[in-house]
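Here's my_file_36.cif, which has mmCIF, C-alpha atoms and all ligand atoms:
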data_upload
loop_
_atom_site.label_atom_id
_atom_site.label_comp_id
_atom_site.auth_asym_id
_atom_site.auth_seq_id
_atom_site.Cartn_x
_atom_site.Cartn_y
_atom_site.Cartn_z
CA MET A 1 -4.09 14.06 -15.72
CA SER A 2 -7.15 13.61 -13.56
CA ILE A 3 -8.89 10.26 -13.22
CA SER A 4 -12.57 10.30 -12.34
CA SER A 5 -13.25 6.77 -11.04
CA LEU A 6 -11.47 3.84 -9.45
CA GLU A 7 -12.55 1.73 -12.40
CA GLN A 8 -10.69 4.14 -14.64
CA VAL A 9 -7.58 3.91 -12.42
CA ARG A 10 -7.78 0.15 -12.65
CA ASN A 11 -8.15 0.12 -16.43
CA GLN A 12 -5.26 2.51 -16.92
CA VAL A 13 -2.98 0.55 -14.56
CA VAL A 14 -3.78 -2.74 -16.28
CA SER A 15 -2.61 -1.45 -19.67
CA CYS A 16 -0.01 1.09 -18.45
CA THR A 17 3.34 1.38 -20.22
CA LYS A 18 4.54 4.61 -18.58
CA CYS A 19 7.72 3.08 -17.15
CA ASP A 20 10.07 0.19 -17.91
CA LEU A 21 8.49 -2.07 -15.26
CA CYS A 22 5.83 -2.84 -17.86
CA LYS A 23 8.47 -4.79 -19.81
CA THR A 24 9.22 -7.27 -17.03
CA ARG A 25 5.85 -7.62 -15.29
CA ASN A 26 3.46 -10.50 -15.86
CA ASN A 27 0.52 -8.48 -14.55
CA SER A 28 0.24 -4.97 -13.26
CA VAL A 29 -1.42 -4.81 -9.87
CA PRO A 30 -4.12 -2.17 -9.35
CA GLY A 31 -5.33 -1.42 -5.84
CA LYS A 32 -8.18 -3.52 -4.52
CA GLY A 33 -10.82 -3.25 -1.82
CA ASN A 34 -13.67 -1.18 -0.47
CA HIS A 35 -14.22 1.99 -2.50
CA ASN A 36 -15.61 3.68 0.62
CA ALA A 37 -12.81 2.49 2.88
CA GLU A 38 -11.86 4.48 5.96
CA ILE A 39 -8.29 3.19 5.62
CA ILE A 40 -6.08 2.81 2.55
CA PHE A 41 -3.04 0.59 3.05
CA VAL A 42 -0.04 1.41 0.88
CA GLY A 43 2.97 -0.86 0.38
CA GLU A 44 6.03 -0.45 -1.80
CA ALA A 45 5.39 -2.61 -4.86
CA PRO A 46 3.90 -5.95 -5.90
CA GLY A 47 5.94 -9.10 -5.22
CA ARG A 48 6.08 -12.43 -7.04
CA SER A 49 2.62 -13.71 -6.05
CA GLU A 50 0.97 -10.38 -6.75
CA ASP A 51 2.64 -10.15 -10.18
CA LYS A 52 1.40 -13.64 -10.99
CA ILE A 53 -2.21 -13.01 -9.96
CA GLY A 54 -2.57 -9.27 -10.56
CA GLU A 55 -3.88 -8.49 -7.07
CA PRO A 56 -2.17 -6.72 -4.14
CA PHE A 57 -0.98 -8.56 -1.02
CA VAL A 58 -2.06 -12.06 -1.99
CA GLY A 59 1.16 -13.89 -1.03
CA PRO A 60 2.63 -14.70 2.39
CA ALA A 61 2.92 -10.98 3.26
CA GLY A 62 -0.76 -10.52 2.43
CA LYS A 63 -1.63 -13.34 4.82
CA LYS A 64 0.27 -11.55 7.60
CA LEU A 65 -1.65 -8.36 6.88
CA SER A 66 -4.99 -10.20 6.90
CA ASP A 67 -4.09 -11.85 10.22
CA ALA A 68 -3.16 -8.50 11.77
CA LEU A 69 -6.39 -6.89 10.55
CA GLU A 70 -8.41 -9.76 11.93
CA TYR A 71 -6.61 -9.39 15.27
CA ALA A 72 -7.56 -5.71 15.28
CA GLY A 73 -11.20 -6.56 14.58
CA ILE A 74 -11.60 -5.39 10.98
CA SER A 75 -12.02 -7.39 7.81
CA ARG A 76 -9.77 -7.11 4.80
CA GLU A 77 -12.86 -6.43 2.67
CA SER A 78 -13.54 -3.24 4.63
CA VAL A 79 -10.24 -1.59 3.64
CA TYR A 80 -8.51 -0.69 0.37
CA ILE A 81 -5.01 -2.02 -0.35
CA THR A 82 -2.55 -0.70 -2.92
CA ASN A 83 1.12 0.05 -3.60
CA VAL A 84 3.32 3.02 -4.51
CA VAL A 85 4.20 1.35 -7.82
CA LYS A 86 1.76 -1.02 -9.46
CA CYS A 87 4.19 -3.33 -11.28
CA ARG A 88 6.74 -5.68 -9.75
CA PRO A 89 10.37 -4.51 -9.96
CA PRO A 90 12.63 -7.38 -11.16
CA ASN A 91 13.88 -9.50 -8.24
CA ASN A 92 11.88 -7.28 -5.88
CA ARG A 93 14.45 -4.48 -6.07
CA VAL A 94 13.46 -1.10 -4.66
CA PRO A 95 11.55 0.93 -7.30
CA SER A 96 13.59 3.76 -8.85
CA GLN A 97 12.68 7.41 -8.40
CA ALA A 98 11.65 7.58 -12.07
CA GLU A 99 9.36 4.56 -11.69
CA LYS A 100 7.76 6.05 -8.59
CA GLU A 101 7.24 9.37 -10.36
CA SER A 102 5.68 7.63 -13.38
CA CYS A 103 3.23 5.79 -11.14
CA ARG A 104 2.48 8.59 -8.68
CA ASN A 105 -0.74 9.75 -10.36
CA TYR A 106 -2.45 6.39 -9.78
CA LEU A 107 -1.92 6.42 -6.03
CA GLU A 108 -2.89 10.08 -5.81
CA SER A 109 -6.09 9.31 -7.72
CA GLU A 110 -6.92 6.35 -5.49
CA ILE A 111 -6.53 8.54 -2.40
CA ALA A 112 -8.47 11.45 -3.91
CA LEU A 113 -11.36 9.23 -5.00
CA ILE A 114 -11.68 7.16 -1.82
CA LYS A 115 -10.99 10.03 0.61
CA PRO A 116 -10.02 7.72 3.49
CA LYS A 117 -9.76 8.89 7.08
CA VAL A 118 -6.24 7.48 7.28
CA ILE A 119 -3.57 6.37 4.80
CA CYS A 120 -1.59 3.57 6.42
CA ILE A 121 1.95 3.44 5.07
CA MET A 122 3.60 0.01 5.30
CA GLY A 123 7.39 -0.18 5.27
CA ASN A 124 10.36 2.07 4.67
CA THR A 125 10.15 2.45 0.90
CA ALA A 126 6.55 3.61 0.92
CA TYR A 127 7.36 5.86 3.90
CA GLN A 128 10.23 7.40 1.99
CA SER A 129 8.22 7.77 -1.23
CA ILE A 130 5.13 9.34 0.32
CA LEU A 131 6.47 11.35 3.25
CA GLY A 132 10.21 11.47 2.62
CA GLY A 133 10.76 9.62 5.90
CA LYS A 134 13.15 6.91 7.01
CA ASN A 135 13.51 4.38 9.82
CA ILE A 136 9.98 3.01 9.92
CA THR A 137 11.04 0.62 12.69
CA LYS A 138 11.50 3.63 14.96
CA GLU A 139 8.58 5.68 13.67
CA ARG A 140 5.97 2.91 13.41
CA GLY A 141 2.78 3.26 15.40
CA LYS A 142 2.67 7.03 14.86
CA PHE A 143 0.19 9.28 13.08
CA VAL A 144 1.57 12.01 10.80
CA LYS A 145 -0.43 14.90 9.33
CA LYS A 146 0.72 16.37 6.03
CA ASP A 147 -1.01 18.56 3.45
CA GLY A 148 -4.45 17.95 4.94
CA LYS A 149 -4.06 14.17 5.00
CA LEU A 150 -3.62 11.87 7.97
CA TYR A 151 -1.07 9.07 7.70
CA PHE A 152 -0.27 6.15 10.00
CA LEU A 153 3.07 4.35 9.91
CA THR A 154 3.68 0.64 10.30
CA VAL A 155 6.09 -2.09 9.22
CA HIS A 156 5.80 -3.88 5.88
CA PRO A 157 4.12 -7.30 6.36
CA ALA A 158 6.84 -8.90 4.19
CA ALA A 159 9.43 -7.95 6.82
CA ILE A 160 7.65 -10.29 9.26
CA ILE A 161 8.55 -13.28 7.09
CA TYR A 162 12.21 -12.64 8.01
CA ASN A 163 11.59 -11.42 11.56
CA GLN A 164 8.63 -13.00 13.35
CA LYS A 165 8.90 -10.53 16.23
CA LEU A 166 7.56 -7.83 13.90
CA MET A 167 4.19 -9.63 13.81
CA ASP A 168 3.46 -8.28 17.29
CA SER A 169 4.42 -4.80 16.09
CA LEU A 170 2.04 -5.04 13.13
CA LYS A 171 -0.80 -6.43 15.26
CA ASN A 172 -0.38 -3.77 17.93
CA ASP A 173 -0.20 -1.03 15.29
CA MET A 174 -3.40 -2.28 13.64
CA LYS A 175 -5.19 -2.34 16.98
CA LYS A 176 -4.09 1.24 17.69
CA LEU A 177 -5.12 2.36 14.20
CA VAL A 178 -8.57 0.77 14.44
CA ASN A 179 -9.16 2.17 17.94
CA GLU A 180 -8.27 5.67 16.77
CA ILE A 181 -10.44 5.38 13.65
CA LYS A 182 -13.43 4.56 15.85
CA LYS A 183 -12.99 7.91 17.64
CA MET A 184 -12.85 9.93 14.38
S1 LIG B 1 4.82 0.74 -12.43
FE1 LIG B 1 3.13 2.19 -12.68
S2 LIG B 1 3.86 3.67 -14.20
FE2 LIG B 1 5.17 1.83 -14.37
S3 LIG B 1 4.18 0.59 -15.97
FE3 LIG B 1 3.39 -0.11 -13.97
S4 LIG B 1 1.49 1.03 -13.67
FE4 LIG B 1 2.67 2.09 -15.27
#
Conversion result in structure tokens:
Amino acid sequence: MSISSLEQVRNQVVSCTKCDLCKTRNNSVPGKGNHNAEIIFVGEAPGRSEDKIGEPFVGPAGKKLSDALEYAGISRESVYITNVVKCRPPNNRVPSQAEKESCRNYLESEIALIKPKVICIMGNTAYQSILGGKNITKERGKFVKKDGKLYFLTVHPAAIIYNQKLMDSLKNDMKKLVNEIKKM
């Protein structure tokens, strides 16, 4: 299935019933941001606040991301933010393989339509889903090229809520990412 516009992605996500997460969600959470963004940020899945409002990264983790972007000198409005799965898994459990497969086309369409310079993967689950990687704590701060796309790895902002030291990691990663983007 090919999707020809971000508006179409949004409309399909809002009414999607392709996996069982539609039964427990309050709102599905389409990606949001600049349609000409140079960077797409991808997390694992919506959390409680996002499910309530229907927008990505609006809770405490979203605040951490905004702060790190501001530190790096770019605004949140200049980037596009989305998740591997667009509906909240109950109790924030890790999305199943089947759920990720069901939702895959939406993320692929967002990337294909925006054509960002870099796809910034946030956290282990997104890292595993998109690149089959593990141990983001060790790999963070690195660029990875795969299938003609350029990825950058960083921690999930939600992890900072439990470990404040990771805020420096996120801020430093964002600074590195923004500096490299300027040279591209
Ligand atoms: S998680 Fe994705 S595939 Fe599943 S219902 Fe939500 S939008 Fe559809």
Taking 6 positions as the minimum chain separation for residues in the same chain, which residues sit within 12 Å of segment 169-182 of chain A when counting all atoms listed in the file? Answer as an mmCIF file with C-alpha atoms, in the frame of the given file.
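Below is the file that was written, out_12.cif:
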data_model
loop_
_atom_site.group_PDB
_atom_site.id
_atom_site.type_symbol
_atom_site.label_atom_id
_atom_site.label_comp_id
_atom_site.auth_asym_id
_atom_site.auth_seq_id
_atom_site.Cartn_x
_atom_site.Cartn_y
_atom_site.Cartn_z
ATOM 1 C CA ALA A 37 -12.810 2.490 2.880
ATOM 2 C CA GLU A 38 -11.860 4.480 5.960
ATOM 3 C CA ILE A 39 -8.290 3.190 5.620
ATOM 4 C CA ILE A 40 -6.080 2.810 2.550
ATOM 5 C CA PHE A 41 -3.040 0.590 3.050
ATOM 6 C CA ALA A 61 2.920 -10.980 3.260
ATOM 7 C CA LYS A 64 0.270 -11.550 7.600
ATOM 8 C CA LEU A 65 -1.650 -8.360 6.880
ATOM 9 C CA SER A 66 -4.990 -10.200 6.900
ATOM 10 C CA ASP A 67 -4.090 -11.850 10.220
ATOM 11 C CA ALA A 68 -3.160 -8.500 11.770
ATOM 12 C CA LEU A 69 -6.390 -6.890 10.550
ATOM 13 C CA GLU A 70 -8.410 -9.760 11.930
ATOM 14 C CA TYR A 71 -6.610 -9.390 15.270
ATOM 15 C CA ALA A 72 -7.560 -5.710 15.280
ATOM 16 C CA GLY A 73 -11.200 -6.560 14.580
ATOM 17 C CA ILE A 74 -11.600 -5.390 10.980
ATOM 18 C CA SER A 75 -12.020 -7.390 7.810
ATOM 19 C CA ARG A 76 -9.770 -7.110 4.800
ATOM 20 C CA SER A 78 -13.540 -3.240 4.630
ATOM 21 C CA VAL A 79 -10.240 -1.590 3.640
ATOM 22 C CA PRO A 116 -10.020 7.720 3.490
ATOM 23 C CA LYS A 117 -9.760 8.890 7.080
ATOM 24 C CA VAL A 118 -6.240 7.480 7.280
ATOM 25 C CA ILE A 119 -3.570 6.370 4.800
ATOM 26 C CA CYS A 120 -1.590 3.570 6.420
ATOM 27 C CA ILE A 121 1.950 3.440 5.070
ATOM 28 C CA MET A 122 3.600 0.010 5.300
ATOM 29 C CA GLY A 123 7.390 -0.180 5.270
ATOM 30 C CA ILE A 136 9.980 3.010 9.920
ATOM 31 C CA THR A 137 11.040 0.620 12.690
ATOM 32 C CA LYS A 138 11.500 3.630 14.960
ATOM 33 C CA GLU A 139 8.580 5.680 13.670
ATOM 34 C CA ARG A 140 5.970 2.910 13.410
ATOM 35 C CA GLY A 141 2.780 3.260 15.400
ATOM 36 C CA LYS A 142 2.670 7.030 14.860
ATOM 37 C CA PHE A 143 0.190 9.280 13.080
ATOM 38 C CA LEU A 150 -3.620 11.870 7.970
ATOM 39 C CA TYR A 151 -1.070 9.070 7.700
ATOM 40 C CA PHE A 152 -0.270 6.150 10.000
ATOM 41 C CA LEU A 153 3.070 4.350 9.910
ATOM 42 C CA THR A 154 3.680 0.640 10.300
ATOM 43 C CA VAL A 155 6.090 -2.090 9.220
ATOM 44 C CA HIS A 156 5.800 -3.880 5.880
ATOM 45 C CA PRO A 157 4.120 -7.300 6.360
ATOM 46 C CA ALA A 158 6.840 -8.900 4.190
ATOM 47 C CA ALA A 159 9.430 -7.950 6.820
ATOM 48 C CA ILE A 160 7.650 -10.290 9.260
ATOM 49 C CA ASN A 163 11.590 -11.420 11.560
#
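For the choices A:Cys19, A:Ile81, A:Leu113, A:Met184, the atom-to-atom distance to Gly31 of chain A is smallest for A:Ile81 when using all atoms listed in the file.
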### Task
Go through the chains and note each residue within 12 Å of ligand LIG 1 (chain B), using only C-alpha atoms and all ligand atoms, then give the set as a ChimeraX atom specification.
/A:9-31,44-46,51,54,82-90,94-107
### Query
Need the neighbours of (-14.1, 4.1, -4.8): which residues are at most 7 Å away, counting only C-alpha atoms, as a PyMOL selection string?
chain A and resi 5-6+34-36+113-114
Grab the residues selected above and save them as a PDB file, in the coordinates of the input with C-alpha atoms.
ATOM      1  CA  SER A   5     -13.250   6.770 -11.040  1.00  0.00           C
ATOM      2  CA  LEU A   6     -11.470   3.840  -9.450  1.00  0.00           C
ATOM      3  CA  ASN A  34     -13.670  -1.180  -0.470  1.00  0.00           C
ATOM      4  CA  HIS A  35     -14.220   1.990  -2.500  1.00  0.00           C
ATOM      5  CA  ASN A  36     -15.610   3.680   0.620  1.00  0.00           C
ATOM      6  CA  LEU A 113     -11.360   9.230  -5.000  1.00  0.00           C
ATOM      7  CA  ILE A 114     -11.680   7.160  -1.820  1.00  0.00           C
TER       8      ILE A 114
END
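Picture a line from atom CA of Pro60 of chain A to atom CA of Ile161 of chain A; it runs 7.7 Å.
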### Message
What's the separation between atom CA of Arg48 of chain A and atom CA of Asn124 of chain A, in Å to one decimal place?
### Response
19.1 Å
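Nearest residue to Gly33 of chain A, choosing from A:Pro56, A:Gly148, A:Gly47, A:Gly62 and counting all atoms listed in the file: A:Pro56.
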### Task
Compare A:Val144, A:Lys134, A:Ser109, A:Tyr127 by their minimum atom-to-atom distance to Gln8 of chain A, counting only C-alpha atoms, and give me the closest one.
A:Ser109
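As for atom CA of Lys52 of chain A and atom CA of Asn91 of chain A, they are spaced 13.4 Å apart.
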Starting from the structure just given, write a file holding segment 92-104 of chain A with N, CA and C atoms, as a PDB file, in the first residue's frame.
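Output file part.pdb follows:
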ATOM      1  N   ASN A  92       2.197   0.612  28.816  1.00  0.00           N
ATOM      2  CA  ASN A  92       3.483   0.953  28.178  1.00  0.00           C
ATOM      3  C   ASN A  92       4.376  -0.260  27.934  1.00  0.00           C
ATOM      4  N   ARG A  93       3.769  -1.439  27.748  1.00  0.00           N
ATOM      5  CA  ARG A  93       4.607  -2.602  27.439  1.00  0.00           C
ATOM      6  C   ARG A  93       5.262  -2.396  26.071  1.00  0.00           C
ATOM      7  N   VAL A  94       6.301  -3.186  25.821  1.00  0.00           N
ATOM      8  CA  VAL A  94       6.992  -3.104  24.527  1.00  0.00           C
ATOM      9  C   VAL A  94       6.033  -3.615  23.439  1.00  0.00           C
ATOM     10  N   PRO A  95       5.926  -2.920  22.302  1.00  0.00           N
ATOM     11  CA  PRO A  95       5.038  -3.395  21.235  1.00  0.00           C
ATOM     12  C   PRO A  95       5.484  -4.766  20.715  1.00  0.00           C
ATOM     13  N   SER A  96       4.514  -5.603  20.364  1.00  0.00           N
ATOM     14  CA  SER A  96       4.852  -6.942  19.854  1.00  0.00           C
ATOM     15  C   SER A  96       5.349  -6.830  18.414  1.00  0.00           C
ATOM     16  N   GLN A  97       5.962  -7.902  17.950  1.00  0.00           N
ATOM     17  CA  GLN A  97       6.447  -7.944  16.566  1.00  0.00           C
ATOM     18  C   GLN A  97       5.278  -7.741  15.600  1.00  0.00           C
ATOM     19  N   ALA A  98       4.151  -8.391  15.901  1.00  0.00           N
ATOM     20  CA  ALA A  98       2.980  -8.296  15.017  1.00  0.00           C
ATOM     21  C   ALA A  98       2.459  -6.856  14.971  1.00  0.00           C
ATOM     22  N   GLU A  99       2.455  -6.189  16.105  1.00  0.00           N
ATOM     23  CA  GLU A  99       1.993  -4.792  16.144  1.00  0.00           C
ATOM     24  C   GLU A  99       2.935  -3.900  15.331  1.00  0.00           C
ATOM     25  N   LYS A 100       4.220  -4.141  15.481  1.00  0.00           N
ATOM     26  CA  LYS A 100       5.197  -3.331  14.741  1.00  0.00           C
ATOM     27  C   LYS A 100       5.055  -3.568  13.236  1.00  0.00           C
ATOM     28  N   GLU A 101       4.847  -4.815  12.865  1.00  0.00           N
ATOM     29  CA  GLU A 101       4.672  -5.139  11.438  1.00  0.00           C
ATOM     30  C   GLU A 101       3.418  -4.459  10.883  1.00  0.00           C
ATOM     31  N   SER A 102       2.325  -4.510  11.668  1.00  0.00           N
ATOM     32  CA  SER A 102       1.067  -3.898  11.219  1.00  0.00           C
ATOM     33  C   SER A 102       1.230  -2.406  10.979  1.00  0.00           C
ATOM     34  N   CYS A 103       2.070  -1.777  11.779  1.00  0.00           N
ATOM     35  CA  CYS A 103       2.198  -0.318  11.748  1.00  0.00           C
ATOM     36  C   CYS A 103       3.326   0.161  10.840  1.00  0.00           C
ATOM     37  N   ARG A 104       4.139  -0.742  10.381  1.00  0.00           N
ATOM     38  CA  ARG A 104       5.380  -0.398   9.671  1.00  0.00           C
ATOM     39  C   ARG A 104       5.164   0.556   8.489  1.00  0.00           C
TER      40      ARG A 104
END
